[in-house]
Amino acid sequence: MFKKKNFQINKKSRVIILGSGGFISSQVEKKLKKNKTSFIALKRKKADLTKKNSKKLLKKIIKDNDSVLFIAARAPVKTKKMLNDNLKMAKITTSVLKQKKIRHFIYISSDAVYSDIKKPIREKSKTIPNSLHGIMHIKRENIFKKILKNKICIIRPTLIFGKNDPHNGYGPNRFLRLAKKNKEIKLFGKGEERRDHIFLNDVSTVIVSCIKNCSIGTLNVVSGKVISFKNLAKMIIRYSGSSSKIINTIRIGKMPHNGYRPFNPYLLRKNFPKLLSYSTNKVFRKFTKDSI
């Protein structure tokens, strides 16, 4: 279930961003500034949510009637220590929120919470993740839902691409960096696995709208289209005018998600019908042009 409430935050309301300074947060902050929405952005250096002393700072900063955007994470989660650190962040934050009467809470989760199925994944699909990263997010979702109940909005984006990505992960962001230098783009295997990718600008648009409208419920932020990594590389080379060559490599290990991870975008399209990500060619053309 996902719905927008029929009122918007007023000019006196504030947004507290926990986990500022990252890939997604930077775009959200730009849009909040453009909309003249008051916000306080807390970076890890100022508020390390794995430390108990961060409670004192949160108690001082978070006020009744604030909206809180929780985007803080040590990710992707690859070890049990990282898992525990992320859970600690959620528990410390909720210990403070119990004492406050906040207006709204937005948690940025991940599509990694879902089980692998052959049918397109929906918001009601099973959430039995097979990765530590997915386990972390579903556990944190439950921690926050227990405390915040009808004030929480959970956003589950799929693979995000966009300008200034700091991770250089396998996919559009890495491919474009290589294409700009006319370097070889090496695929895992033949790049045959098909995944859903979502444009950063669309993700930030959805987040800001959910903040403004105090939306509640769970929403998958996805394109609804699956495309192979090989075809992604081809598009980026074409749109960038690069002379890069695509190289197949021997795949090590199993193909993630059995090579196919489709999503049903019905709920997102119903509430956000104009996102650029619904058009594969248009969105990757814009991504390539904006990043060159």
# chains A, B, ... in the order shown; residues from 1 in each chain; ligands from 1
>>> select_by_dssp(residues="region 69-288 of chain A", states="strand (DSSP E or B)", output="PyMOL selection string")
chain A and resi 69-70+104-108+121+152-157+159-161+185-187+194-195+197-199+216-221+227-228+246-248+260+263
>>> write_last_selection(atoms="C-alpha atoms", output="JSON list (two decimals), in the first residue's frame")
[["chain", "number", "residue", "atom", "x", "y", "z"],
["A", 69, "LEU", "CA", 14.85, 11.19, 5.71],
["A", 70, "PHE", "CA", 16.98, 8.20, 6.69],
["A", 104, "HIS", "CA", 6.92, 11.91, 8.79],
["A", 105, "PHE", "CA", 9.74, 9.38, 8.20],
["A", 106, "ILE", "CA", 11.19, 8.26, 4.86],
["A", 107, "TYR", "CA", 13.47, 5.24, 4.70],
["A", 108, "ILE", "CA", 15.55, 4.54, 1.60],
["A", 121, "ILE", "CA", 8.27, -8.19, -8.52],
["A", 152, "ILE", "CA", 6.60, 5.83, 7.50],
["A", 153, "CYS", "CA", 7.33, 5.75, 3.79],
["A", 154, "ILE", "CA", 9.65, 3.00, 2.54],
["A", 155, "ILE", "CA", 11.26, 3.52, -0.86],
["A", 156, "ARG", "CA", 12.88, 0.52, -2.55],
["A", 157, "PRO", "CA", 14.91, 1.55, -5.62],
["A", 159, "LEU", "CA", 20.00, -0.33, -9.54],
["A", 160, "ILE", "CA", 20.59, 3.43, -9.59],
["A", 161, "PHE", "CA", 22.67, 5.21, -12.22],
["A", 185, "ILE", "CA", 34.27, -2.36, -21.50],
["A", 186, "LYS", "CA", 34.65, -5.78, -19.93],
["A", 187, "LEU", "CA", 31.46, -7.69, -19.27],
["A", 194, "ARG", "CA", 18.98, -8.60, -17.52],
["A", 195, "ARG", "CA", 18.28, -6.08, -14.77],
["A", 197, "HIS", "CA", 17.93, 0.29, -13.77],
["A", 198, "ILE", "CA", 16.54, 3.56, -12.46],
["A", 199, "PHE", "CA", 17.82, 7.10, -13.17],
["A", 216, "ILE", "CA", 3.14, 6.62, 3.51],
["A", 217, "GLY", "CA", 3.50, 2.97, 2.59],
["A", 218, "THR", "CA", 5.98, 1.09, 0.41],
["A", 219, "LEU", "CA", 6.99, 2.01, -3.13],
["A", 220, "ASN", "CA", 9.34, 0.31, -5.58],
["A", 221, "VAL", "CA", 11.21, 2.92, -7.60],
["A", 227, "ILE", "CA", 17.90, -4.75, -20.22],
["A", 228, "SER", "CA", 21.07, -6.82, -20.56],
["A", 246, "ILE", "CA", 33.00, -4.65, -25.62],
["A", 247, "ILE", "CA", 34.94, -7.61, -24.23],
["A", 248, "ASN", "CA", 33.41, -10.83, -22.90],
["A", 260, "TYR", "CA", 16.70, -12.01, -14.60],
["A", 263, "PHE", "CA", 9.66, -5.45, -11.69]]
>>> residues_around(residues="Val15 (chain A)", least_positions_apart="6", cutoff="12 Å", atoms="only C-alpha atoms", output="ChimeraX atom specification")
/A:9,28-29,32-33,36-42,61-70,102-106,207-208,210-212,214
>>> select_by_dssp(residues="region 52-217 of chain A", states="alpha helix (DSSP H)", output="JSON, numbers by chain")
{"A": [54, 55, 56, 57, 58, 59, 60, 61, 80, 81, 82, 83, 84, 85, 86, 87, 88, 89, 90, 91, 92, 93, 94, 95, 96, 97, 132, 133, 134, 135, 136, 137, 138, 139, 140, 141, 142, 143, 144, 145, 146, 147, 148, 172, 173, 174, 175, 176, 177, 178, 179, 180, 200, 201, 202, 203, 204, 205, 206, 207, 208, 209, 210, 211, 212]}
>>> write_last_selection(atoms="C-alpha atoms", output="PDB file, in the first residue's frame")
ATOM      1  CA  SER A  54      25.122  10.373  18.462  1.00  0.00           C
ATOM      2  CA  LYS A  55      21.905  10.086  20.513  1.00  0.00           C
ATOM      3  CA  LYS A  56      22.633  13.371  22.243  1.00  0.00           C
ATOM      4  CA  LEU A  57      23.088  15.171  18.942  1.00  0.00           C
ATOM      5  CA  LEU A  58      19.926  13.681  17.409  1.00  0.00           C
ATOM      6  CA  LYS A  59      17.872  14.621  20.470  1.00  0.00           C
ATOM      7  CA  LYS A  60      19.078  18.191  20.133  1.00  0.00           C
ATOM      8  CA  ILE A  61      18.525  18.518  16.388  1.00  0.00           C
ATOM      9  CA  LYS A  80      28.399  -9.456   9.575  1.00  0.00           C
ATOM     10  CA  LYS A  81      30.118  -6.474  11.168  1.00  0.00           C
ATOM     11  CA  MET A  82      28.715  -4.185   8.477  1.00  0.00           C
ATOM     12  CA  LEU A  83      25.296  -5.757   9.037  1.00  0.00           C
ATOM     13  CA  ASN A  84      25.483  -5.137  12.780  1.00  0.00           C
ATOM     14  CA  ASP A  85      26.718  -1.563  12.307  1.00  0.00           C
ATOM     15  CA  ASN A  86      23.757  -0.794  10.054  1.00  0.00           C
ATOM     16  CA  LEU A  87      21.288  -2.303  12.501  1.00  0.00           C
ATOM     17  CA  LYS A  88      22.877  -0.279  15.283  1.00  0.00           C
ATOM     18  CA  MET A  89      22.209   2.905  13.274  1.00  0.00           C
ATOM     19  CA  ALA A  90      18.516   2.071  13.085  1.00  0.00           C
ATOM     20  CA  LYS A  91      18.230   1.183  16.767  1.00  0.00           C
ATOM     21  CA  ILE A  92      19.994   4.333  17.935  1.00  0.00           C
ATOM     22  CA  THR A  93      17.804   6.477  15.690  1.00  0.00           C
ATOM     23  CA  THR A  94      14.551   4.856  16.840  1.00  0.00           C
ATOM     24  CA  SER A  95      15.576   5.265  20.476  1.00  0.00           C
ATOM     25  CA  VAL A  96      15.522   9.021  19.845  1.00  0.00           C
ATOM     26  CA  LEU A  97      12.416   9.056  17.661  1.00  0.00           C
ATOM     27  CA  LEU A 132      23.485  -9.668   3.744  1.00  0.00           C
ATOM     28  CA  HIS A 133      22.621  -6.358   2.068  1.00  0.00           C
ATOM     29  CA  GLY A 134      18.998  -7.405   1.597  1.00  0.00           C
ATOM     30  CA  ILE A 135      18.809  -8.827   5.117  1.00  0.00           C
ATOM     31  CA  MET A 136      20.092  -5.540   6.512  1.00  0.00           C
ATOM     32  CA  HIS A 137      17.436  -3.496   4.749  1.00  0.00           C
ATOM     33  CA  ILE A 138      14.476  -5.711   5.626  1.00  0.00           C
ATOM     34  CA  LYS A 139      15.558  -5.808   9.274  1.00  0.00           C
ATOM     35  CA  ARG A 140      15.882  -2.022   9.361  1.00  0.00           C
ATOM     36  CA  GLU A 141      12.505  -1.602   7.667  1.00  0.00           C
ATOM     37  CA  ASN A 142      10.927  -3.690  10.425  1.00  0.00           C
ATOM     38  CA  ILE A 143      12.714  -1.766  13.174  1.00  0.00           C
ATOM     39  CA  PHE A 144      11.400   1.538  11.851  1.00  0.00           C
ATOM     40  CA  LYS A 145       7.880   0.268  11.070  1.00  0.00           C
ATOM     41  CA  LYS A 146       7.451  -1.013  14.619  1.00  0.00           C
ATOM     42  CA  ILE A 147       8.002   2.474  16.030  1.00  0.00           C
ATOM     43  CA  LEU A 148       6.658   4.760  13.298  1.00  0.00           C
ATOM     44  CA  PRO A 172      25.996   2.208 -16.635  1.00  0.00           C
ATOM     45  CA  ASN A 173      28.210   4.378 -14.430  1.00  0.00           C
ATOM     46  CA  ARG A 174      31.357   2.323 -14.978  1.00  0.00           C
ATOM     47  CA  PHE A 175      30.581   1.743 -18.648  1.00  0.00           C
ATOM     48  CA  LEU A 176      30.283   5.470 -19.340  1.00  0.00           C
ATOM     49  CA  ARG A 177      33.537   6.289 -17.554  1.00  0.00           C
ATOM     50  CA  LEU A 178      35.319   3.745 -19.721  1.00  0.00           C
ATOM     51  CA  ALA A 179      33.548   4.901 -22.889  1.00  0.00           C
ATOM     52  CA  LYS A 180      34.600   8.502 -22.302  1.00  0.00           C
ATOM     53  CA  LEU A 200      19.104   9.054 -10.154  1.00  0.00           C
ATOM     54  CA  ASN A 201      17.093  12.146 -11.100  1.00  0.00           C
ATOM     55  CA  ASP A 202      13.893  10.066 -11.033  1.00  0.00           C
ATOM     56  CA  VAL A 203      14.776   8.585  -7.643  1.00  0.00           C
ATOM     57  CA  SER A 204      15.353  12.032  -6.135  1.00  0.00           C
ATOM     58  CA  THR A 205      12.126  13.345  -7.715  1.00  0.00           C
ATOM     59  CA  VAL A 206      10.144  10.570  -6.047  1.00  0.00           C
ATOM     60  CA  ILE A 207      11.835  11.088  -2.682  1.00  0.00           C
ATOM     61  CA  VAL A 208      11.203  14.845  -2.625  1.00  0.00           C
ATOM     62  CA  SER A 209       7.570  14.350  -3.648  1.00  0.00           C
ATOM     63  CA  CYS A 210       7.103  11.799  -0.860  1.00  0.00           C
ATOM     64  CA  ILE A 211       8.611  14.245   1.615  1.00  0.00           C
ATOM     65  CA  LYS A 212       6.403  17.131   0.473  1.00  0.00           C
TER      66      LYS A 212
END
>>> atom_distance(atom1="CA of Gly169 (chain A)", atom2="CA of Lys126 (chain A)")
26.5 Å
>>> residues_around(residues="Ile250 (chain A)", least_positions_apart="5", cutoff="9 Å", atoms="only C-alpha atoms", output="ChimeraX atom specification")
/A:187-190
>>> closest_residue(among="A:Lys4, A:His257, A:Lys46, A:His167", to="Pro76 (chain A)", atoms="only C-alpha atoms")
A:His167
>>> atom_distance(atom1="CA of Lys78 (chain A)", atom2="CA of Gly22 (chain A)")
19.0 Å
>>> atom_distance(atom1="CA of Ser110 (chain A)", atom2="CA of Thr158 (chain A)")
6.4 Å
>>> closest_residue(among="A:Gly162, A:Gly253, A:Gly171, A:Pro120", to="Lys289 (chain A)", atoms="only C-alpha atoms")
A:Gly162
>>> closest_residue(among="A:Arg44, A:Leu18, A:Ser242, A:Gly224", to="Leu276 (chain A)", atoms="only C-alpha atoms")
A:Gly224
>>> closest_residue(among="A:Thr288, A:Asn164, A:Ser125, A:Asn150", to="Arg238 (chain A)", atoms="only C-alpha atoms")
A:Thr288
